[in-house]
$ cat input.cif   # mmCIF, C-alpha atoms
data_input
loop_
_atom_site.label_atom_id
_atom_site.label_comp_id
_atom_site.auth_asym_id
_atom_site.auth_seq_id
_atom_site.Cartn_x
_atom_site.Cartn_y
_atom_site.Cartn_z
CA MET C 12 11.19 19.86 28.01
CA GLU C 13 7.66 19.36 26.71
CA THR C 14 7.04 16.07 24.94
CA GLU C 15 5.26 16.27 21.59
CA THR C 16 2.04 14.29 21.56
CA PRO C 17 -0.45 13.51 18.78
CA GLU C 18 -2.77 16.07 20.37
CA ASN C 19 -0.06 18.73 20.22
CA ARG C 20 0.63 17.94 16.57
CA THR C 21 -3.07 18.19 15.76
CA GLU C 22 -3.37 21.53 17.53
CA SER C 23 -0.36 22.86 15.62
CA VAL C 24 -2.16 22.39 12.28
CA PRO C 25 -3.99 25.61 11.36
CA ALA C 26 -7.76 25.27 11.18
CA ARG C 27 -9.23 24.89 7.70
CA SER C 28 -11.19 27.81 6.27
CA ALA C 29 -14.83 26.76 6.18
CA PRO C 30 -15.83 29.48 3.67
CA PHE C 31 -13.02 28.47 1.30
CA GLU C 32 -13.89 24.79 1.66
CA ARG C 33 -17.46 25.56 0.64
CA PHE C 34 -16.19 27.67 -2.27
CA ALA C 35 -13.86 24.84 -3.30
CA GLY C 36 -16.78 22.40 -3.07
CA VAL C 37 -18.79 24.48 -5.53
CA CYS C 38 -15.74 24.71 -7.81
CA ALA C 39 -15.27 20.93 -7.67
CA VAL C 40 -18.90 20.29 -8.64
CA LEU C 41 -18.58 22.80 -11.49
CA ALA C 42 -15.31 21.14 -12.54
CA GLY C 43 -17.14 17.82 -12.78
CA VAL C 44 -19.87 19.41 -14.90
CA SER C 45 -17.26 21.17 -17.04
CA GLY C 46 -15.37 17.91 -17.54
CA PHE C 47 -18.54 16.18 -18.71
CA LEU C 48 -19.38 19.04 -21.08
CA TYR C 49 -15.82 18.93 -22.42
CA ALA C 50 -16.26 15.25 -23.24
CA VAL C 51 -19.60 15.97 -24.96
CA ALA C 52 -18.12 18.85 -26.98
CA PHE C 53 -14.97 16.91 -27.92
CA VAL C 54 -16.41 13.46 -28.66
CA VAL C 55 -20.08 13.97 -29.56
CA LEU C 56 -20.37 17.50 -30.94
CA GLN C 57 -16.75 17.66 -32.16
CA ASP C 58 -16.89 21.40 -31.47
CA GLU C 59 -13.33 22.68 -31.09
CA LEU C 60 -14.38 26.02 -29.60
CA LEU C 61 -16.56 24.52 -26.87
CA SER C 62 -14.07 21.77 -26.05
CA ALA C 63 -11.27 24.34 -25.67
CA LEU C 64 -13.49 26.55 -23.51
CA PHE C 65 -14.54 23.74 -21.15
CA LEU C 66 -10.96 22.43 -20.96
CA MET C 67 -9.79 25.87 -19.86
CA LEU C 68 -12.62 26.36 -17.35
CA GLY C 69 -12.17 22.89 -15.88
CA GLY C 70 -8.47 23.49 -15.32
CA LEU C 71 -9.13 26.75 -13.48
CA LEU C 72 -11.94 25.33 -11.34
CA THR C 73 -9.94 22.34 -10.14
CA THR C 74 -7.21 24.57 -8.66
CA ALA C 75 -9.52 25.65 -5.84
CA ALA C 76 -10.65 22.07 -5.22
CA LEU C 77 -7.05 20.87 -5.03
CA VAL C 78 -6.14 23.45 -2.39
CA ALA C 79 -9.07 22.34 -0.23
CA VAL C 80 -8.10 18.68 -0.73
CA TYR C 81 -4.55 19.51 0.37
CA GLU C 82 -5.87 21.19 3.51
CA ARG C 83 -7.54 17.93 4.53
CA LEU C 84 -4.98 15.42 3.29
CA ARG C 85 -2.04 17.10 5.01
CA GLU C 86 -3.51 15.75 8.24
CA THR C 87 -2.67 12.29 6.86
CA ASP C 88 0.78 13.08 5.42
CA ALA C 89 1.79 16.71 4.90
CA SER C 90 4.70 16.04 2.55
CA PHE C 91 2.84 13.71 0.19
CA ALA C 92 -0.20 16.01 0.30
CA LEU C 93 1.99 18.95 -0.74
CA TRP C 94 3.51 16.91 -3.56
CA ALA C 95 0.03 15.96 -4.78
CA LEU C 96 -0.99 19.62 -4.63
CA LEU C 97 2.01 20.75 -6.68
CA LEU C 98 1.44 18.03 -9.28
CA GLY C 99 -2.28 18.77 -9.36
CA ILE C 100 -1.84 22.53 -9.75
CA ALA C 101 0.67 21.92 -12.56
CA GLY C 102 -1.81 19.61 -14.29
CA SER C 103 -4.73 22.02 -13.82
CA LEU C 104 -2.82 25.05 -15.07
CA GLY C 105 -1.49 23.00 -17.96
CA SER C 106 -5.08 22.10 -18.84
CA ALA C 107 -6.18 25.75 -18.57
CA VAL C 108 -3.28 26.97 -20.72
CA HIS C 109 -3.87 24.18 -23.25
CA GLY C 110 -7.53 25.12 -23.53
CA GLY C 111 -6.73 28.82 -23.69
CA TYR C 112 -4.13 28.23 -26.40
CA ASP C 113 -6.57 26.20 -28.49
CA LEU C 114 -9.30 28.80 -27.93
CA ALA C 115 -7.03 31.65 -29.07
CA ASN C 116 -6.09 29.75 -32.23
CA ILE C 117 -9.73 28.98 -33.02
CA VAL C 118 -10.85 32.59 -32.54
CA ASP C 119 -7.99 33.93 -34.67
CA PRO C 120 -8.64 32.91 -38.31
CA ARG C 121 -4.94 33.37 -39.10
CA ALA C 122 -4.12 30.39 -36.86
CA THR C 123 -5.24 27.79 -39.42
CA GLY C 124 -3.27 24.57 -39.00
CA LEU C 125 -1.78 25.37 -35.59
CA LEU C 126 -4.22 23.07 -33.78
CA GLU C 127 -2.71 20.10 -35.59
CA LEU C 128 0.63 20.69 -33.84
CA PRO C 129 1.41 19.55 -30.26
CA ASN C 130 0.73 22.27 -27.70
CA PRO C 131 4.14 23.73 -26.73
CA VAL C 132 3.17 24.04 -23.05
CA ASP C 133 1.24 20.77 -22.76
CA PRO C 134 2.62 18.46 -25.49
CA ARG C 135 0.20 15.58 -26.11
CA GLY C 136 -1.46 16.30 -22.76
CA LEU C 137 1.64 15.79 -20.59
CA LEU C 138 0.23 18.08 -17.89
CA THR C 139 -3.50 17.66 -18.58
CA PHE C 140 -3.37 13.86 -18.53
CA GLY C 141 0.05 12.60 -17.38
CA VAL C 142 0.86 14.92 -14.47
CA ALA C 143 -2.79 15.24 -13.43
CA GLY C 144 -3.00 11.44 -13.35
CA ALA C 145 0.06 11.23 -11.09
CA ALA C 146 -1.50 13.82 -8.75
CA LEU C 147 -4.78 11.91 -8.57
CA PHE C 148 -2.95 8.68 -7.80
CA VAL C 149 -1.26 10.28 -4.77
CA VAL C 150 -4.56 11.88 -3.72
CA GLY C 151 -6.28 8.50 -3.96
CA TRP C 152 -3.57 6.85 -1.87
CA LEU C 153 -3.87 9.51 0.84
CA ILE C 154 -7.66 9.28 0.88
CA VAL C 155 -7.60 5.48 1.26
CA ARG C 156 -4.85 5.71 3.88
CA GLY C 157 -6.54 8.39 5.99
CA GLY C 158 -10.11 9.23 6.93
CA GLN C 159 -10.45 12.70 5.48
CA PHE C 160 -12.78 11.67 2.63
CA PRO C 161 -14.96 8.64 1.87
CA ARG C 162 -12.74 5.67 1.00
CA GLY C 163 -14.66 5.07 -2.23
CA LEU C 164 -13.55 8.49 -3.45
CA GLY C 165 -9.95 7.34 -3.13
CA TYR C 166 -10.56 4.24 -5.26
CA LEU C 167 -12.28 6.41 -7.85
CA ALA C 168 -9.21 8.67 -7.87
CA TYR C 169 -7.03 5.61 -8.49
CA LEU C 170 -9.17 4.61 -11.47
CA SER C 171 -9.20 8.10 -12.94
CA ALA C 172 -5.43 8.37 -12.48
CA VAL C 173 -4.78 5.13 -14.39
CA LEU C 174 -7.11 6.17 -17.21
CA LEU C 175 -5.44 9.60 -17.49
CA VAL C 176 -1.96 8.09 -17.71
CA ILE C 177 -3.14 5.59 -20.33
CA LEU C 178 -4.71 8.48 -22.23
CA TYR C 179 -1.46 10.44 -22.16
CA LEU C 180 0.59 7.46 -23.33
CA GLY C 181 -1.94 6.85 -26.08
CA ARG C 182 -1.78 10.47 -27.25
CA LEU C 183 2.01 10.30 -27.13
CA ILE C 184 2.49 6.98 -28.95
CA VAL C 185 -0.65 6.29 -30.98
CA ILE C 186 -1.56 9.99 -31.61
CA ASP C 187 -4.74 9.19 -33.59
CA ALA C 188 -7.58 10.30 -31.29
CA THR C 189 -10.03 7.87 -32.95
CA ASN C 190 -7.93 4.83 -32.04
CA PRO C 191 -9.75 2.60 -29.48
CA LEU C 192 -6.67 2.70 -27.21
CA ILE C 193 -7.31 6.43 -26.81
CA LEU C 194 -11.05 6.58 -27.32
CA ALA C 195 -11.97 3.95 -24.69
CA PRO C 196 -10.22 5.58 -21.68
CA ALA C 197 -11.26 9.02 -22.93
CA LEU C 198 -14.93 8.02 -23.01
CA LEU C 199 -14.84 6.19 -19.68
CA ASN C 200 -13.00 8.93 -17.82
CA GLY C 201 -14.57 11.90 -19.58
CA PHE C 202 -18.22 10.83 -19.40
CA LEU C 203 -18.22 8.86 -16.15
CA ILE C 204 -15.24 8.61 -13.79
CA ASN C 205 -13.92 12.18 -13.82
CA PRO C 206 -17.32 13.93 -13.48
CA ILE C 207 -18.42 11.56 -10.71
CA PHE C 208 -15.13 12.04 -8.86
CA TYR C 209 -15.28 15.84 -8.86
CA VAL C 210 -18.99 16.07 -8.08
CA TRP C 211 -18.56 13.61 -5.19
CA LEU C 212 -15.49 15.52 -4.01
CA GLY C 213 -17.43 18.78 -4.17
CA LEU C 214 -20.30 17.36 -2.13
CA ALA C 215 -17.83 16.04 0.45
CA LEU C 216 -16.27 19.49 0.76
CA LEU C 217 -19.65 21.20 0.97
CA ARG C 218 -20.65 18.77 3.73
CA GLY C 219 -17.76 20.17 5.73
CA ARG C 220 -16.97 17.17 7.95
CA THR C 221 -14.41 14.45 7.43
CA VAL C 222 -15.20 10.75 7.67
CA HIS C 223 -13.09 10.57 10.83
CA GLU C 224 -15.05 13.40 12.43
CA ALA C 225 -18.34 11.75 11.52
CA ARG C 226 -17.24 8.45 13.07
CA THR C 227 -15.99 10.02 16.28
CA GLY C 228 -18.83 12.53 16.60
CA ALA C 229 -16.40 15.46 16.64
CA PRO C 230 -17.94 18.86 15.84
#

$ encode --input "input.cif" --output "structure tokens"
Amino acid sequence: METETPENRTESVPARSAPFERFAGVCAVLAGVSGFLYAVAFVVLQDELLSALFLMLGGLLTTAALVAVYERLRETDASFALWALLLGIAGSLGSAVHGGYDLANIVDPRATGLLELPNPVDPRGLLTFGVAGAALFVVGWLIVRGGQFPRGLGYLAYLSAVLLVILYLGRLIVIDATNPLILAPALLNGFLINPIFYVWLGLALLRGRTVHEARTGAP
């Protein structure tokens, strides 16, 4: 009977798709840009149409990035990586649906007043902020634990996760978007942490080699 070794387990993991990883890297960079533009449209310009558009685009773009992240992080812990992927996809699609819902109501003049109500799919940002924050926390833990991405990226994921959860709780309890308890984490995450995280993630994916591979000199 053949004994399973670490080498055998490594060989049993299907090779990552380099073309998809590059595609996901581009999507991650664009997601970071979209997140920054969403913050500008929502906070500075206060343009509901643009903020809804960038929220929808950002949600769609991050789905590709999350799949590529899963492909790397499953080498650290497949089960937790899958859980993070499922949470992340739920958060991203919730964000896309939330943005699309707002966009449809803005375009349709008969929808006056509907934007004041909680989104039925993503009430108070449950998926966009709460679930996405949980996903990022698991991603950050796996990055710090393994060597598939720069360790600093994991700590940045931790910070973004905490800010997203605080933002969700603020939207749920405080509700008023101008309250400092909501505005402070929204500004910090929207203008700085989230864009930096996704742009850095995208560059890491475009580079195509893990930190472990760089250290060991593996091709």

$ axis_aligned_box --input "input.cif" --around "range 133-141 of chain C" --padding-each-side "6 Å" --output "AutoDock Vina command-line options"
--center_x -0.4 --center_y 16.7 --center_z -21.7 --size_x 18.1 --size_y 20.2 --size_z 20.7

$ residues_around --input "input.cif" --residues "Gly110 in chain C" --least-positions-apart "2" --cutoff "9 Å" --atoms "only C-alpha atoms" --output "list of chain:residue names"
C:Ser62, C:Ala63, C:Leu64, C:Phe65, C:Leu66, C:Met67, C:Leu68, C:Gly70, C:Gly105, C:Ser106, C:Ala107, C:Val108, C:Tyr112, C:Asp113, C:Leu114, C:Ala115

$ atom_distance --input "input.cif" --atom1 "CA of Gly181 in chain C" --atom2 "CA of Leu198 in chain C"
13.4 Å

$ resolve_selection --input "input.cif" --expression "the PyMOL selection byres ((chain C and resi 176) around 10)" --output "ChimeraX atom specification"
/C:136-137,139-145,148,171-175,177-182,196

$ closest_residue --input "input.cif" --among "C:Tyr169, C:Phe208, C:Trp152, C:Tyr49" --to "Ala92 in chain C" --atoms "all atoms listed in the file"
C:Trp152

$ residues_around --input "input.cif" --residues "Ala95 in chain C" --least-positions-apart "5" --cutoff "9 Å" --atoms "only C-alpha atoms" --output "list in words"
Leu77, Tyr81, Ser90, Ile100, Ala145, Ala146, Leu147, Phe148, Val149 and Val150 of chain C

$ resolve_selection --input "input.cif" --expression "the PyMOL selection byres ((chain C and resi 51-56) around 9)" --output "list of chain:residue names"
C:Gly46, C:Phe47, C:Leu48, C:Tyr49, C:Ala50, C:Gln57, C:Asp58, C:Glu59, C:Leu60, C:Leu61, C:Ser62, C:Ala63, C:Phe65, C:Leu194, C:Ala197, C:Leu198, C:Gly201, C:Phe202

$ closest_residue --input "input.cif" --among "C:Ala35, C:Ser28, C:Pro191, C:Ser103" --to "Ala215 in chain C" --atoms "all atoms listed in the file"
C:Ala35

$ atom_distance --input "input.cif" --atom1 "CA of Val37 in chain C" --atom2 "CA of Asp133 in chain C"
26.7 Å

$ resolve_selection --input "input.cif" --expression "the PyMOL selection byres ((chain C and resi 153) around 12)" --output "mmCIF file with C-alpha atoms, in the frame of the given file"
data_model
loop_
_atom_site.group_PDB
_atom_site.id
_atom_site.type_symbol
_atom_site.label_atom_id
_atom_site.label_comp_id
_atom_site.auth_asym_id
_atom_site.auth_seq_id
_atom_site.Cartn_x
_atom_site.Cartn_y
_atom_site.Cartn_z
ATOM 1 C CA VAL C 80 -8.100 18.680 -0.730
ATOM 2 C CA TYR C 81 -4.550 19.510 0.370
ATOM 3 C CA ARG C 83 -7.540 17.930 4.530
ATOM 4 C CA LEU C 84 -4.980 15.420 3.290
ATOM 5 C CA ARG C 85 -2.040 17.100 5.010
ATOM 6 C CA GLU C 86 -3.510 15.750 8.240
ATOM 7 C CA THR C 87 -2.670 12.290 6.860
ATOM 8 C CA ASP C 88 0.780 13.080 5.420
ATOM 9 C CA ALA C 89 1.790 16.710 4.900
ATOM 10 C CA SER C 90 4.700 16.040 2.550
ATOM 11 C CA PHE C 91 2.840 13.710 0.190
ATOM 12 C CA ALA C 92 -0.200 16.010 0.300
ATOM 13 C CA LEU C 93 1.990 18.950 -0.740
ATOM 14 C CA TRP C 94 3.510 16.910 -3.560
ATOM 15 C CA ALA C 95 0.030 15.960 -4.780
ATOM 16 C CA LEU C 96 -0.990 19.620 -4.630
ATOM 17 C CA ALA C 146 -1.500 13.820 -8.750
ATOM 18 C CA LEU C 147 -4.780 11.910 -8.570
ATOM 19 C CA PHE C 148 -2.950 8.680 -7.800
ATOM 20 C CA VAL C 149 -1.260 10.280 -4.770
ATOM 21 C CA VAL C 150 -4.560 11.880 -3.720
ATOM 22 C CA GLY C 151 -6.280 8.500 -3.960
ATOM 23 C CA TRP C 152 -3.570 6.850 -1.870
ATOM 24 C CA ILE C 154 -7.660 9.280 0.880
ATOM 25 C CA VAL C 155 -7.600 5.480 1.260
ATOM 26 C CA ARG C 156 -4.850 5.710 3.880
ATOM 27 C CA GLY C 157 -6.540 8.390 5.990
ATOM 28 C CA GLY C 158 -10.110 9.230 6.930
ATOM 29 C CA GLN C 159 -10.450 12.700 5.480
ATOM 30 C CA PHE C 160 -12.780 11.670 2.630
ATOM 31 C CA PRO C 161 -14.960 8.640 1.870
ATOM 32 C CA ARG C 162 -12.740 5.670 1.000
ATOM 33 C CA LEU C 164 -13.550 8.490 -3.450
ATOM 34 C CA GLY C 165 -9.950 7.340 -3.130
ATOM 35 C CA TYR C 166 -10.560 4.240 -5.260
ATOM 36 C CA ALA C 168 -9.210 8.670 -7.870
ATOM 37 C CA TYR C 169 -7.030 5.610 -8.490
#

$ closest_residue --input "input.cif" --among "C:Leu170, C:Ala101, C:Val118, C:Val210" --to "Leu138 in chain C" --atoms "all atoms listed in the file"
C:Ala101

$ atom_distance --input "input.cif" --atom1 "CA of Ile186 in chain C" --atom2 "CA of Ser45 in chain C"
24.2 Å

$ closest_residue --input "input.cif" --among "C:Gly69, C:Pro131, C:Pro30, C:Gly43" --to "Leu104 in chain C" --atoms "all atoms listed in the file"
C:Gly69

$ closest_residue --input "input.cif" --among "C:Gly102, C:Asn116, C:Ala42, C:Leu183" --to "Arg135 in chain C" --atoms "all atoms listed in the file"
C:Leu183

$ residues_around --input "input.cif" --residues "Ala79 in chain C" --least-positions-apart "4" --cutoff "10 Å" --atoms "all atoms listed in the file" --output "list in words"
Arg27, Ser28, Ala29, Phe31, Glu32, Arg33, Phe34, Ala35, Gly36, Ala39, Thr73, Thr74, Ala75, Arg83, Leu84, Leu96, Gly213 and Leu216 of chain C

$ decode --input "input.cif" --residues "range 76-105 of chain C" --atoms "N, CA and C atoms" --output "tab-separated table (two decimals), in the first residue's frame"
chain	number	residue	atom	x	y	z
C	76	ALA	N	-11.34	37.56	-9.07
C	76	ALA	CA	-10.20	37.62	-8.16
C	76	ALA	C	-10.32	36.59	-7.05
C	77	LEU	N	-11.53	36.41	-6.54
C	77	LEU	CA	-11.74	35.46	-5.43
C	77	LEU	C	-11.49	34.02	-5.86
C	78	VAL	N	-11.86	33.69	-7.09
C	78	VAL	CA	-11.60	32.34	-7.58
C	78	VAL	C	-10.09	32.08	-7.66
C	79	ALA	N	-9.35	33.07	-8.16
C	79	ALA	CA	-7.89	32.91	-8.25
C	79	ALA	C	-7.25	32.84	-6.86
C	80	VAL	N	-7.78	33.61	-5.92
C	80	VAL	CA	-7.28	33.55	-4.55
C	80	VAL	C	-7.53	32.17	-3.95
C	81	TYR	N	-8.71	31.63	-4.21
C	81	TYR	CA	-9.02	30.27	-3.73
C	81	TYR	C	-8.05	29.25	-4.30
C	82	GLU	N	-7.72	29.38	-5.57
C	82	GLU	CA	-6.82	28.42	-6.20
C	82	GLU	C	-5.46	28.39	-5.50
C	83	ARG	N	-5.02	29.53	-5.00
C	83	ARG	CA	-3.74	29.56	-4.27
C	83	ARG	C	-3.91	29.12	-2.81
C	84	LEU	N	-4.93	29.66	-2.16
C	84	LEU	CA	-5.06	29.43	-0.72
C	84	LEU	C	-5.48	28.01	-0.38
C	85	ARG	N	-6.03	27.27	-1.32
C	85	ARG	CA	-6.39	25.88	-1.02
C	85	ARG	C	-5.15	25.04	-0.76
C	86	GLU	N	-3.99	25.51	-1.21
C	86	GLU	CA	-2.75	24.80	-0.92
C	86	GLU	C	-2.38	24.93	0.57
C	87	THR	N	-2.95	25.94	1.23
C	87	THR	CA	-2.73	26.12	2.67
C	87	THR	C	-3.76	25.33	3.46
C	88	ASP	N	-5.04	25.51	3.12
C	88	ASP	CA	-6.12	24.76	3.78
C	88	ASP	C	-7.32	24.78	2.85
C	89	ALA	N	-7.59	23.66	2.19
C	89	ALA	CA	-8.62	23.60	1.15
C	89	ALA	C	-10.01	23.92	1.68
C	90	SER	N	-10.33	23.41	2.86
C	90	SER	CA	-11.68	23.60	3.40
C	90	SER	C	-11.94	25.06	3.76
C	91	PHE	N	-11.00	25.68	4.48
C	91	PHE	CA	-11.18	27.08	4.84
C	91	PHE	C	-11.13	27.97	3.59
C	92	ALA	N	-10.30	27.61	2.62
C	92	ALA	CA	-10.23	28.39	1.38
C	92	ALA	C	-11.57	28.32	0.63
C	93	LEU	N	-12.19	27.15	0.62
C	93	LEU	CA	-13.49	27.02	-0.02
C	93	LEU	C	-14.55	27.84	0.70
C	94	TRP	N	-14.51	27.80	2.03
C	94	TRP	CA	-15.46	28.59	2.82
C	94	TRP	C	-15.30	30.08	2.52
C	95	ALA	N	-14.04	30.53	2.48
C	95	ALA	CA	-13.78	31.94	2.16
C	95	ALA	C	-14.30	32.28	0.77
C	96	LEU	N	-14.12	31.36	-0.19
C	96	LEU	CA	-14.61	31.60	-1.54
C	96	LEU	C	-16.12	31.74	-1.56
C	97	LEU	N	-16.82	30.84	-0.87
C	97	LEU	CA	-18.28	30.88	-0.85
C	97	LEU	C	-18.78	32.18	-0.21
C	98	LEU	N	-18.17	32.54	0.92
C	98	LEU	CA	-18.55	33.80	1.57
C	98	LEU	C	-18.24	34.99	0.66
C	99	GLY	N	-17.07	34.96	0.03
C	99	GLY	CA	-16.67	36.07	-0.83
C	99	GLY	C	-17.56	36.22	-2.05
C	100	ILE	N	-17.90	35.09	-2.68
C	100	ILE	CA	-18.78	35.15	-3.85
C	100	ILE	C	-20.16	35.68	-3.44
C	101	ALA	N	-20.65	35.22	-2.28
C	101	ALA	CA	-21.94	35.72	-1.79
C	101	ALA	C	-21.88	37.23	-1.57
C	102	GLY	N	-20.79	37.71	-0.95
C	102	GLY	CA	-20.63	39.14	-0.73
C	102	GLY	C	-20.52	39.92	-2.03
C	103	SER	N	-19.76	39.39	-2.99
C	103	SER	CA	-19.57	40.08	-4.27
C	103	SER	C	-20.86	40.15	-5.07
C	104	LEU	N	-21.58	39.03	-5.13
C	104	LEU	CA	-22.84	39.02	-5.87
C	104	LEU	C	-23.88	39.89	-5.16
C	105	GLY	N	-23.85	39.89	-3.83
C	105	GLY	CA	-24.74	40.78	-3.09
C	105	GLY	C	-24.46	42.23	-3.42
